[in-house]
Amino acid sequence: MKVIDEFAIDATKATVFEHGWQSWSPTTTYRVGERPIRPLSERNRFLCYRPETSPGDDVFWGEGLLSVDPGDGSGVRIYAVNDARELVPSIQGEVRGDRFVVSADGRVDQIVDAGPGTMDNALARWADEFANRAGVTAIRQAPTIWCSWYQYFTDVTEADMIENIDAIERLNLPVDVVQLDDGYQTAHGDWLTLADRFGSLEGIADRIRSSGRRAGIWVAPFLVFPDSELARRHSDWLVGGPDEPIHAGHNWNRDLLALDTTHPEAMEWITEVFATMHGWGYDFYKIDFIYAGALPGSRHEDMAPLAAYRSGVEQIRGAIGDSYLLGCGAPILPSVGLVDAMRVSPDTEPQYLPRDGDLSQPSVKAAMVTGTGRAFQHGRFWVNDPDDLIARPAIEGREEWAEHVRRYGGLRGSSDRIADLDEWGLAVTRELLSESPIEPFISSGGQP
Ligand code: 9PG
């Protein structure tokens, strides 16, 4: 870390915005006296923050982006990577009495924003420029979706899908895409081998399409289960190689492995998976846990991890025609220009607070904090996905969550068993899915 700036602050008013690495990494603005959100376990740090870094809670820390409002009217100071396609430096901010010291471990731009409004408006102006440089030309309006995850989780069955398609049809809900989430496959990596609860992915797509809707599906293309066929037969397709495959996080009661996106055969398999699904009629893809493609480690081709990651996503893009692509669990800044929509927060959940208190973990609260922190990205980088509306009576804080989706939902999704919705739940689902905003939520011109 090298010191790149030092300036005076009004410690009673100054605020700092920390940008987290990937979709689930906490991202918000703090008063300088506050302790920033940090991982409460090593498992969470790896899965939901930037695995390579371990910032303390006595400093502020942004991955590729940190900004400071000194609170004295001198303008918001933004420290940010200019181009995130290969390298994203970490940026540290330290309060020393009434001074603020900024350091970075790589090259960053320094901007003093003298424009109108607040921190958010300054970030919006920065995001306009960043998106331009990253080659974003147009924002593609998102379809509205129904997603299986927040009701059924990995226990979803084909019968559950059919039941909900029927209900959506009967109630004439404004759902454009019915998206099957995690649970249909036998193992991560073996995406075309179905769990017993499923008969045919093609059949599900046909049923969805016969209702006049489009079919969507979830895949975690860069993750591999150690107990998959893929890992058994092709251990040379893993980042780190067959002898020392790297750790890619822990979830689903397993230590996970990462697919090497620079290995031609590995990518032949992944493009076959997507091309096959596309052939079955799926034209909406949620690609999840894709941080795994950007982990450091030895690869078939000697390439910067972020370049390998981007090439992996581009190859998926090439296999799905002009399908709509939603990123999730994805390094944010390196993905600008690669996806149509992006999950900008941790997951929502039926409970309001995260079980372990870590605000990177699934909960209404965690999704709201970071979804608000990244609101300025909507309509600039892509369409923001704040995560799905869940509105059944069992959802703790459902009114507050619906309000968040109403305010910050670019991609509007529903994820309840339709039959479990009461009158309020059904009405708010119908209302929120009746539009998909693409205009920015945060103005770059003046007031929010
Ligand atoms: C499928 C899910 C859903 C969801 C994604 C992602 O840190 N965690 O424990 C953690 C758990 C679940 C998770 C992300 C992080 O969910 O965001 O929408 O698709 O995968 O497995």
# chains A, B, ... in the order shown; residues from 1 in each chain; ligands from 1

$ residues_near_ligand --ligand "ligand 1" --cutoff "10 Å" --atoms "only C-alpha atoms and all ligand atoms" --output "count of residues only"
53

$ select_by_dssp --residues "segment 79-133 of chain A" --states "helix (DSSP H, G or I)" --output "list in words"
Met119, Asp120, Asn121, Ala122, Leu123, Ala124, Arg125, Trp126, Ala127, Asp128, Glu129, Phe130, Ala131, Asn132 and Arg133 of chain A

$ write_last_selection --atoms "all heavy atoms" --output "compact mmCIF listing (two decimals), in the first residue's frame"
# COMPACT_ATOMS: atom_id res chain seq x y z
N MET A 119 -22.94 12.38 -2.05
CA MET A 119 -22.00 11.32 -2.41
C MET A 119 -22.54 10.46 -3.55
O MET A 119 -21.83 10.14 -4.50
CB MET A 119 -21.78 10.44 -1.17
CG MET A 119 -20.91 9.25 -1.38
SD MET A 119 -19.19 9.64 -1.20
CE MET A 119 -18.97 9.41 0.56
N ASP A 120 -23.82 10.10 -3.45
CA ASP A 120 -24.44 9.24 -4.47
C ASP A 120 -24.42 9.90 -5.85
O ASP A 120 -24.20 9.22 -6.86
CB ASP A 120 -25.90 8.95 -4.10
CG ASP A 120 -26.04 7.59 -3.44
OD1 ASP A 120 -25.04 6.86 -3.37
OD2 ASP A 120 -27.17 7.28 -3.01
N ASN A 121 -24.70 11.21 -5.90
CA ASN A 121 -24.71 11.89 -7.20
C ASN A 121 -23.30 11.96 -7.78
O ASN A 121 -23.11 11.82 -8.99
CB ASN A 121 -25.30 13.30 -7.07
CG ASN A 121 -26.69 13.27 -6.47
OD1 ASN A 121 -26.90 13.64 -5.31
ND2 ASN A 121 -27.65 12.79 -7.24
N ALA A 122 -22.30 12.14 -6.91
CA ALA A 122 -20.90 12.15 -7.38
C ALA A 122 -20.54 10.78 -7.93
O ALA A 122 -19.89 10.66 -8.98
CB ALA A 122 -19.98 12.55 -6.23
N LEU A 123 -20.97 9.71 -7.23
CA LEU A 123 -20.69 8.35 -7.70
C LEU A 123 -21.39 8.09 -9.03
O LEU A 123 -20.84 7.41 -9.91
CB LEU A 123 -21.13 7.33 -6.65
CG LEU A 123 -20.26 7.28 -5.39
CD1 LEU A 123 -20.93 6.46 -4.28
CD2 LEU A 123 -18.86 6.72 -5.69
N ALA A 124 -22.58 8.65 -9.19
CA ALA A 124 -23.31 8.48 -10.45
C ALA A 124 -22.53 9.13 -11.59
O ALA A 124 -22.41 8.54 -12.68
CB ALA A 124 -24.70 9.11 -10.33
N ARG A 125 -21.97 10.30 -11.34
CA ARG A 125 -21.18 10.97 -12.40
C ARG A 125 -19.93 10.14 -12.73
O ARG A 125 -19.57 9.97 -13.89
CB ARG A 125 -20.79 12.39 -11.95
CG ARG A 125 -21.98 13.35 -11.95
CD ARG A 125 -21.57 14.76 -11.60
NE ARG A 125 -21.39 15.01 -10.18
CZ ARG A 125 -22.36 15.37 -9.34
NH1 ARG A 125 -23.60 15.51 -9.76
NH2 ARG A 125 -22.10 15.57 -8.06
N TRP A 126 -19.30 9.63 -11.68
CA TRP A 126 -18.13 8.76 -11.94
C TRP A 126 -18.54 7.52 -12.74
O TRP A 126 -17.86 7.12 -13.70
CB TRP A 126 -17.48 8.35 -10.61
CG TRP A 126 -16.47 7.28 -10.82
CD1 TRP A 126 -15.18 7.45 -11.27
CD2 TRP A 126 -16.67 5.87 -10.70
NE1 TRP A 126 -14.57 6.22 -11.42
CE2 TRP A 126 -15.47 5.24 -11.08
CE3 TRP A 126 -17.75 5.07 -10.30
CZ2 TRP A 126 -15.31 3.84 -11.07
CZ3 TRP A 126 -17.61 3.69 -10.30
CH2 TRP A 126 -16.40 3.09 -10.67
N ALA A 127 -19.68 6.93 -12.37
CA ALA A 127 -20.14 5.70 -13.03
C ALA A 127 -20.45 5.93 -14.51
O ALA A 127 -20.22 5.05 -15.34
CB ALA A 127 -21.36 5.14 -12.31
N ASP A 128 -20.97 7.12 -14.84
CA ASP A 128 -21.21 7.45 -16.26
C ASP A 128 -19.91 7.32 -17.05
O ASP A 128 -19.88 6.70 -18.13
CB ASP A 128 -21.73 8.90 -16.40
CG ASP A 128 -23.22 9.00 -16.11
OD1 ASP A 128 -23.95 8.01 -16.32
OD2 ASP A 128 -23.66 10.09 -15.68
N GLU A 129 -18.85 7.89 -16.53
CA GLU A 129 -17.55 7.86 -17.21
C GLU A 129 -16.99 6.45 -17.27
O GLU A 129 -16.46 6.01 -18.29
CB GLU A 129 -16.53 8.75 -16.48
CG GLU A 129 -16.98 10.21 -16.32
CD GLU A 129 -17.02 10.91 -17.66
OE1 GLU A 129 -16.10 10.68 -18.46
OE2 GLU A 129 -17.97 11.69 -17.90
N PHE A 130 -17.10 5.74 -16.14
CA PHE A 130 -16.55 4.38 -16.09
C PHE A 130 -17.25 3.48 -17.10
O PHE A 130 -16.61 2.70 -17.82
CB PHE A 130 -16.69 3.81 -14.66
CG PHE A 130 -16.05 2.47 -14.50
CD1 PHE A 130 -14.69 2.36 -14.21
CD2 PHE A 130 -16.79 1.30 -14.65
CE1 PHE A 130 -14.08 1.11 -14.07
CE2 PHE A 130 -16.19 0.05 -14.52
CZ PHE A 130 -14.84 -0.04 -14.22
N ALA A 131 -18.58 3.60 -17.16
CA ALA A 131 -19.36 2.76 -18.09
C ALA A 131 -18.98 3.06 -19.53
O ALA A 131 -18.84 2.14 -20.36
CB ALA A 131 -20.85 3.00 -17.86
N ASN A 132 -18.76 4.33 -19.82
CA ASN A 132 -18.32 4.73 -21.16
C ASN A 132 -17.02 4.06 -21.54
O ASN A 132 -16.91 3.48 -22.62
CB ASN A 132 -18.04 6.24 -21.17
CG ASN A 132 -19.15 6.97 -21.87
OD1 ASN A 132 -19.80 6.39 -22.74
ND2 ASN A 132 -19.39 8.20 -21.48
N ARG A 133 -16.06 4.14 -20.63
CA ARG A 133 -14.74 3.54 -20.91
C ARG A 133 -14.86 2.04 -21.06
O ARG A 133 -14.14 1.42 -21.84
CB ARG A 133 -13.75 3.86 -19.78
CG ARG A 133 -13.26 5.30 -19.77
CD ARG A 133 -12.07 5.44 -18.82
NE ARG A 133 -12.39 5.10 -17.46
CZ ARG A 133 -12.86 5.94 -16.54
NH1 ARG A 133 -13.07 7.22 -16.86
NH2 ARG A 133 -13.13 5.54 -15.33

$ select_by_dssp --residues "segment 322-409 of chain A" --states "strand (DSSP E)" --output "list of chain:residue names"
A:Tyr324, A:Leu325, A:Leu326, A:Gly327, A:Ala341, A:Met342, A:Arg343, A:Val383, A:Asn384, A:Asp385

$ residues_around --residues "segment 209-211 of chain A" --least-positions-apart "2" --cutoff "9 Å" --atoms "only C-alpha atoms" --output "number ranges by chain"
A: 165-166, 168-169, 204-207, 213-215, 281

$ residues_around --residues "Pro386 of chain A" --least-positions-apart "3" --cutoff "9 Å" --atoms "only C-alpha atoms" --output "MDAnalysis selection string"
chainID A and resid 342:348 367:368 370:372 375 389 404:405 408:412

$ residues_around --residues "segment 300-313 of chain A" --least-positions-apart "6" --cutoff "7 Å" --atoms "only C-alpha atoms" --output "VMD selection string"
chain A and resid 85 to 87 261 to 263 293 to 294

$ residues_around --residues "segment 190-199 of chain A" --least-positions-apart "4" --cutoff "9 Å" --atoms "only C-alpha atoms" --output "list in words"
Asp155, Val156, Thr157, Glu158, Ala159, Gly183, Tyr184, Gln185, Thr186, Gly203, Ile204, Val219, Ala220, Pro221, Val224, Phe225, Ser228, Glu229, Leu230, Ile270, Val273, Thr276 and Met277 of chain A

$ write_last_selection --atoms "C-alpha atoms" --output "short mmCIF file (atom, residue, chain, number, x, y, z; two decimals), in the first residue's frame"
data_model
loop_
_atom_site.label_atom_id
_atom_site.label_comp_id
_atom_site.auth_asym_id
_atom_site.auth_seq_id
_atom_site.Cartn_x
_atom_site.Cartn_y
_atom_site.Cartn_z
CA ASP A 155 -35.51 -28.83 -2.85
CA VAL A 156 -37.34 -27.49 -5.91
CA THR A 157 -39.13 -30.12 -7.99
CA GLU A 158 -40.53 -30.22 -11.50
CA ALA A 159 -44.01 -30.41 -9.92
CA GLY A 183 -31.58 -27.65 -7.46
CA TYR A 184 -32.27 -29.34 -10.82
CA GLN A 185 -28.75 -30.69 -11.33
CA THR A 186 -27.00 -33.64 -9.67
CA GLY A 203 -40.22 -30.25 -20.99
CA ILE A 204 -40.22 -27.46 -18.39
CA VAL A 219 -26.13 -22.12 -13.66
CA ALA A 220 -22.95 -21.68 -11.58
CA PRO A 221 -20.66 -22.26 -14.58
CA VAL A 224 -17.25 -27.53 -9.62
CA PHE A 225 -18.30 -29.95 -6.87
CA SER A 228 -19.02 -34.35 -9.58
CA GLU A 229 -18.35 -36.45 -12.67
CA LEU A 230 -16.55 -33.45 -14.07
CA ILE A 270 -19.49 -25.08 -20.65
CA VAL A 273 -24.13 -26.76 -21.61
CA THR A 276 -27.92 -27.16 -25.23
CA MET A 277 -30.13 -25.20 -22.83
#

$ closest_residue --among "A:Val88, A:Val32, A:Val175, A:Ala138" --to "Gly212 of chain A" --atoms "only C-alpha atoms"
A:Val175

$ residues_around --residues "Ala292 of chain A" --least-positions-apart "5" --cutoff "8 Å" --atoms "only C-alpha atoms" --output "PyMOL selection string"
chain A and resi 222-223+248+258-259

$ write_last_selection --atoms "N, CA and C atoms" --output "CSV table (one decimal), in the first residue's frame"
chain,number,residue,atom,x,y,z
A,222,PHE,N,-18.7,-21.6,-13.2
A,222,PHE,CA,-17.3,-21.7,-12.9
A,222,PHE,C,-17.0,-22.4,-11.6
A,223,LEU,N,-18.1,-23.0,-11.0
A,223,LEU,CA,-17.9,-23.8,-9.8
A,223,LEU,C,-18.0,-25.3,-10.2
A,248,ALA,N,-12.3,-22.8,-3.8
A,248,ALA,CA,-13.2,-21.8,-4.4
A,248,ALA,C,-14.3,-21.4,-3.5
A,258,ALA,N,-12.8,-24.6,-8.7
A,258,ALA,CA,-13.0,-23.6,-9.7
A,258,ALA,C,-12.7,-24.1,-11.1
A,259,LEU,N,-13.5,-23.9,-12.1
A,259,LEU,CA,-13.2,-24.3,-13.4
A,259,LEU,C,-12.3,-23.3,-14.1

$ atom_distance --atom1 "atom CA of Leu353 of chain A" --atom2 "atom CA of Ala394 of chain A"
14.2 Å

$ closest_residue --among "A:Pro437, A:Pro334, A:Pro174, A:Gly240" --to "Gln22 of chain A" --atoms "only C-alpha atoms"
A:Pro334

$ closest_atom_pairs --of "segment 87-132 of chain A" --to "segment 51-72 of chain A" --cutoff "8 Å" --atoms "only C-alpha atoms" --output "CSV"
residue,atom,partner,partner_atom,distance
A:Val88,CA,A:Gly64,CA,5.2
A:Pro89,CA,A:Gly64,CA,5.3
A:Ser90,CA,A:Glu63,CA,4.6
A:Ile91,CA,A:Gly62,CA,5.2
A:Gln92,CA,A:Trp61,CA,4.5
A:Gly93,CA,A:Phe60,CA,4.8
A:Glu94,CA,A:Val59,CA,5.1
A:Val95,CA,A:Val59,CA,7.4
A:Val108,CA,A:Gly64,CA,7.8
A:Met119,CA,A:Asp69,CA,6.7

$ write_last_selection --atoms "all heavy atoms" --output "compact mmCIF listing (two decimals), in the first residue's frame"
# COMPACT_ATOMS: atom_id res chain seq x y z
N VAL A 88 -7.61 -4.84 -10.39
CA VAL A 88 -8.42 -3.96 -9.55
C VAL A 88 -7.69 -3.74 -8.23
O VAL A 88 -7.65 -4.65 -7.39
CB VAL A 88 -9.82 -4.55 -9.32
CG1 VAL A 88 -10.61 -3.68 -8.35
CG2 VAL A 88 -10.58 -4.69 -10.64
N PRO A 89 -7.10 -2.57 -8.04
CA PRO A 89 -6.39 -2.33 -6.79
C PRO A 89 -7.35 -2.20 -5.61
O PRO A 89 -8.51 -1.85 -5.77
CB PRO A 89 -5.66 -0.99 -7.02
CG PRO A 89 -6.10 -0.47 -8.32
CD PRO A 89 -7.00 -1.46 -9.00
N SER A 90 -6.83 -2.50 -4.42
CA SER A 90 -7.56 -2.22 -3.19
C SER A 90 -7.17 -0.82 -2.73
O SER A 90 -6.02 -0.41 -2.90
CB SER A 90 -7.17 -3.23 -2.11
OG SER A 90 -7.48 -4.53 -2.54
N ILE A 91 -8.13 -0.11 -2.16
CA ILE A 91 -7.91 1.27 -1.74
C ILE A 91 -8.28 1.38 -0.26
O ILE A 91 -9.38 0.98 0.14
CB ILE A 91 -8.75 2.24 -2.58
CG1 ILE A 91 -8.47 2.01 -4.09
CG2 ILE A 91 -8.46 3.69 -2.19
CD1 ILE A 91 -9.58 2.46 -5.00
N GLN A 92 -7.34 1.90 0.53
CA GLN A 92 -7.56 1.98 1.97
C GLN A 92 -7.70 3.43 2.41
O GLN A 92 -7.01 4.31 1.90
CB GLN A 92 -6.37 1.34 2.68
CG GLN A 92 -6.48 1.38 4.19
CD GLN A 92 -5.23 0.83 4.85
OE1 GLN A 92 -4.97 -0.36 4.83
NE2 GLN A 92 -4.44 1.73 5.43
N GLY A 93 -8.60 3.69 3.33
CA GLY A 93 -8.76 5.03 3.89
C GLY A 93 -8.63 4.96 5.40
O GLY A 93 -9.21 4.08 6.04
N GLU A 94 -7.83 5.88 5.93
CA GLU A 94 -7.57 5.83 7.37
C GLU A 94 -7.84 7.20 7.97
O GLU A 94 -7.36 8.22 7.47
CB GLU A 94 -6.11 5.46 7.58
CG GLU A 94 -5.84 4.69 8.83
CD GLU A 94 -4.36 4.43 9.00
OE1 GLU A 94 -3.63 4.34 7.99
OE2 GLU A 94 -3.93 4.34 10.15
N VAL A 95 -8.60 7.22 9.07
CA VAL A 95 -8.86 8.48 9.78
C VAL A 95 -7.75 8.69 10.80
O VAL A 95 -7.47 7.80 11.60
CB VAL A 95 -10.22 8.42 10.51
CG1 VAL A 95 -10.51 9.74 11.21
CG2 VAL A 95 -11.33 8.05 9.54
N VAL A 108 -4.71 4.25 -9.31
CA VAL A 108 -6.12 4.66 -9.30
C VAL A 108 -6.23 6.13 -9.72
O VAL A 108 -5.32 6.91 -9.52
CB VAL A 108 -6.79 4.48 -7.91
CG1 VAL A 108 -6.86 3.03 -7.51
CG2 VAL A 108 -6.09 5.28 -6.84
N MET A 119 -22.94 12.38 -2.05
CA MET A 119 -22.00 11.32 -2.41
C MET A 119 -22.54 10.46 -3.55
O MET A 119 -21.83 10.14 -4.50
CB MET A 119 -21.78 10.44 -1.17
CG MET A 119 -20.91 9.25 -1.38
SD MET A 119 -19.19 9.64 -1.20
CE MET A 119 -18.97 9.41 0.56

$ decode --residues "segment 414-427 of chain A" --atoms "all heavy atoms" --output "mmCIF file, in the first residue's frame"
data_model
loop_
_atom_site.group_PDB
_atom_site.id
_atom_site.type_symbol
_atom_site.label_atom_id
_atom_site.label_comp_id
_atom_site.auth_asym_id
_atom_site.auth_seq_id
_atom_site.Cartn_x
_atom_site.Cartn_y
_atom_site.Cartn_z
ATOM 1 N N SER A 414 -40.251 -12.161 -8.710
ATOM 2 C CA SER A 414 -41.065 -12.661 -7.614
ATOM 3 C C SER A 414 -40.545 -14.045 -7.280
ATOM 4 O O SER A 414 -40.153 -14.795 -8.174
ATOM 5 C CB SER A 414 -42.527 -12.757 -8.089
ATOM 6 O OG SER A 414 -43.202 -13.818 -7.439
ATOM 7 N N SER A 415 -40.494 -14.385 -5.983
ATOM 8 C CA SER A 415 -39.976 -15.704 -5.632
ATOM 9 C C SER A 415 -40.745 -16.335 -4.472
ATOM 10 O O SER A 415 -40.166 -16.825 -3.515
ATOM 11 C CB SER A 415 -38.477 -15.622 -5.337
ATOM 12 O OG SER A 415 -37.918 -16.906 -5.259
ATOM 13 N N ASP A 416 -42.072 -16.303 -4.585
ATOM 14 C CA ASP A 416 -42.936 -16.993 -3.628
ATOM 15 C C ASP A 416 -43.657 -18.111 -4.354
ATOM 16 O O ASP A 416 -43.937 -18.002 -5.554
ATOM 17 C CB ASP A 416 -44.035 -16.050 -3.115
ATOM 18 C CG ASP A 416 -43.492 -14.916 -2.273
ATOM 19 O OD1 ASP A 416 -42.989 -15.204 -1.174
ATOM 20 O OD2 ASP A 416 -43.584 -13.739 -2.716
ATOM 21 N N ARG A 417 -44.034 -19.148 -3.595
ATOM 22 C CA ARG A 417 -45.047 -20.074 -4.111
ATOM 23 C C ARG A 417 -46.309 -19.222 -4.253
ATOM 24 O O ARG A 417 -46.782 -18.635 -3.264
ATOM 25 C CB ARG A 417 -45.266 -21.202 -3.115
ATOM 26 C CG ARG A 417 -46.334 -22.162 -3.555
ATOM 27 C CD ARG A 417 -46.574 -23.236 -2.506
ATOM 28 N NE ARG A 417 -47.587 -24.161 -2.993
ATOM 29 C CZ ARG A 417 -48.528 -24.700 -2.240
ATOM 30 N NH1 ARG A 417 -48.587 -24.429 -0.944
ATOM 31 N NH2 ARG A 417 -49.404 -25.528 -2.759
ATOM 32 N N ILE A 418 -46.825 -19.123 -5.464
ATOM 33 C CA ILE A 418 -47.936 -18.197 -5.705
ATOM 34 C C ILE A 418 -49.118 -18.529 -4.780
ATOM 35 O O ILE A 418 -49.778 -17.630 -4.248
ATOM 36 C CB ILE A 418 -48.373 -18.231 -7.192
ATOM 37 C CG1 ILE A 418 -47.184 -17.839 -8.102
ATOM 38 C CG2 ILE A 418 -49.569 -17.313 -7.432
ATOM 39 C CD1 ILE A 418 -46.626 -16.448 -7.929
ATOM 40 N N ALA A 419 -49.342 -19.827 -4.538
ATOM 41 C CA ALA A 419 -50.478 -20.240 -3.701
ATOM 42 C C ALA A 419 -50.329 -19.788 -2.249
ATOM 43 O O ALA A 419 -51.304 -19.769 -1.497
ATOM 44 C CB ALA A 419 -50.640 -21.754 -3.759
ATOM 45 N N ASP A 420 -49.118 -19.413 -1.839
ATOM 46 C CA ASP A 420 -48.902 -18.968 -0.464
ATOM 47 C C ASP A 420 -49.111 -17.465 -0.277
ATOM 48 O O ASP A 420 -49.009 -16.954 0.837
ATOM 49 C CB ASP A 420 -47.481 -19.320 0.001
ATOM 50 C CG ASP A 420 -47.332 -20.798 0.327
ATOM 51 O OD1 ASP A 420 -48.344 -21.521 0.241
ATOM 52 O OD2 ASP A 420 -46.205 -21.219 0.657
ATOM 53 N N LEU A 421 -49.365 -16.759 -1.362
ATOM 54 C CA LEU A 421 -49.555 -15.312 -1.248
ATOM 55 C C LEU A 421 -50.942 -14.990 -0.719
ATOM 56 O O LEU A 421 -51.935 -15.578 -1.154
ATOM 57 C CB LEU A 421 -49.348 -14.640 -2.613
ATOM 58 C CG LEU A 421 -47.910 -14.636 -3.146
ATOM 59 C CD1 LEU A 421 -47.881 -14.155 -4.597
ATOM 60 C CD2 LEU A 421 -47.008 -13.774 -2.265
ATOM 61 N N ASP A 422 -51.017 -14.065 0.225
ATOM 62 C CA ASP A 422 -52.315 -13.562 0.671
ATOM 63 C C ASP A 422 -52.697 -12.381 -0.241
ATOM 64 O O ASP A 422 -52.012 -12.115 -1.228
ATOM 65 C CB ASP A 422 -52.258 -13.160 2.152
ATOM 66 C CG ASP A 422 -51.201 -12.090 2.406
ATOM 67 O OD1 ASP A 422 -50.497 -11.681 1.448
ATOM 68 O OD2 ASP A 422 -51.064 -11.652 3.563
ATOM 69 N N GLU A 423 -53.759 -11.709 0.113
ATOM 70 C CA GLU A 423 -54.253 -10.650 -0.768
ATOM 71 C C GLU A 423 -53.210 -9.546 -0.957
ATOM 72 O O GLU A 423 -52.945 -9.093 -2.075
ATOM 73 C CB GLU A 423 -55.537 -10.069 -0.151
ATOM 74 C CG GLU A 423 -56.394 -9.324 -1.135
ATOM 75 C CD GLU A 423 -57.622 -8.719 -0.457
ATOM 76 O OE1 GLU A 423 -58.165 -9.358 0.479
ATOM 77 O OE2 GLU A 423 -58.003 -7.608 -0.844
ATOM 78 N N TRP A 424 -52.584 -9.133 0.163
ATOM 79 C CA TRP A 424 -51.554 -8.079 0.074
ATOM 80 C C TRP A 424 -50.386 -8.542 -0.790
ATOM 81 O O TRP A 424 -49.899 -7.818 -1.659
ATOM 82 C CB TRP A 424 -51.069 -7.698 1.477
ATOM 83 C CG TRP A 424 -50.028 -6.602 1.436
ATOM 84 C CD1 TRP A 424 -50.259 -5.255 1.417
ATOM 85 C CD2 TRP A 424 -48.589 -6.775 1.372
ATOM 86 N NE1 TRP A 424 -49.059 -4.573 1.341
ATOM 87 C CE2 TRP A 424 -48.025 -5.471 1.315
ATOM 88 C CE3 TRP A 424 -47.745 -7.882 1.346
ATOM 89 C CZ2 TRP A 424 -46.643 -5.261 1.251
ATOM 90 C CZ3 TRP A 424 -46.365 -7.668 1.277
ATOM 91 C CH2 TRP A 424 -45.831 -6.372 1.229
ATOM 92 N N GLY A 425 -49.937 -9.779 -0.550
ATOM 93 C CA GLY A 425 -48.780 -10.307 -1.270
ATOM 94 C C GLY A 425 -49.022 -10.390 -2.769
ATOM 95 O O GLY A 425 -48.137 -10.060 -3.578
ATOM 96 N N LEU A 426 -50.207 -10.828 -3.123
ATOM 97 C CA LEU A 426 -50.531 -10.960 -4.537
ATOM 98 C C LEU A 426 -50.623 -9.581 -5.195
ATOM 99 O O LEU A 426 -50.120 -9.361 -6.306
ATOM 100 C CB LEU A 426 -51.865 -11.719 -4.680
ATOM 101 C CG LEU A 426 -52.192 -12.259 -6.058
ATOM 102 C CD1 LEU A 426 -51.121 -13.220 -6.552
ATOM 103 C CD2 LEU A 426 -53.560 -12.978 -6.026
ATOM 104 N N ALA A 427 -51.206 -8.634 -4.471
ATOM 105 C CA ALA A 427 -51.366 -7.284 -5.031
ATOM 106 C C ALA A 427 -50.010 -6.620 -5.241
ATOM 107 O O ALA A 427 -49.757 -6.009 -6.284
ATOM 108 C CB ALA A 427 -52.247 -6.428 -4.106
#
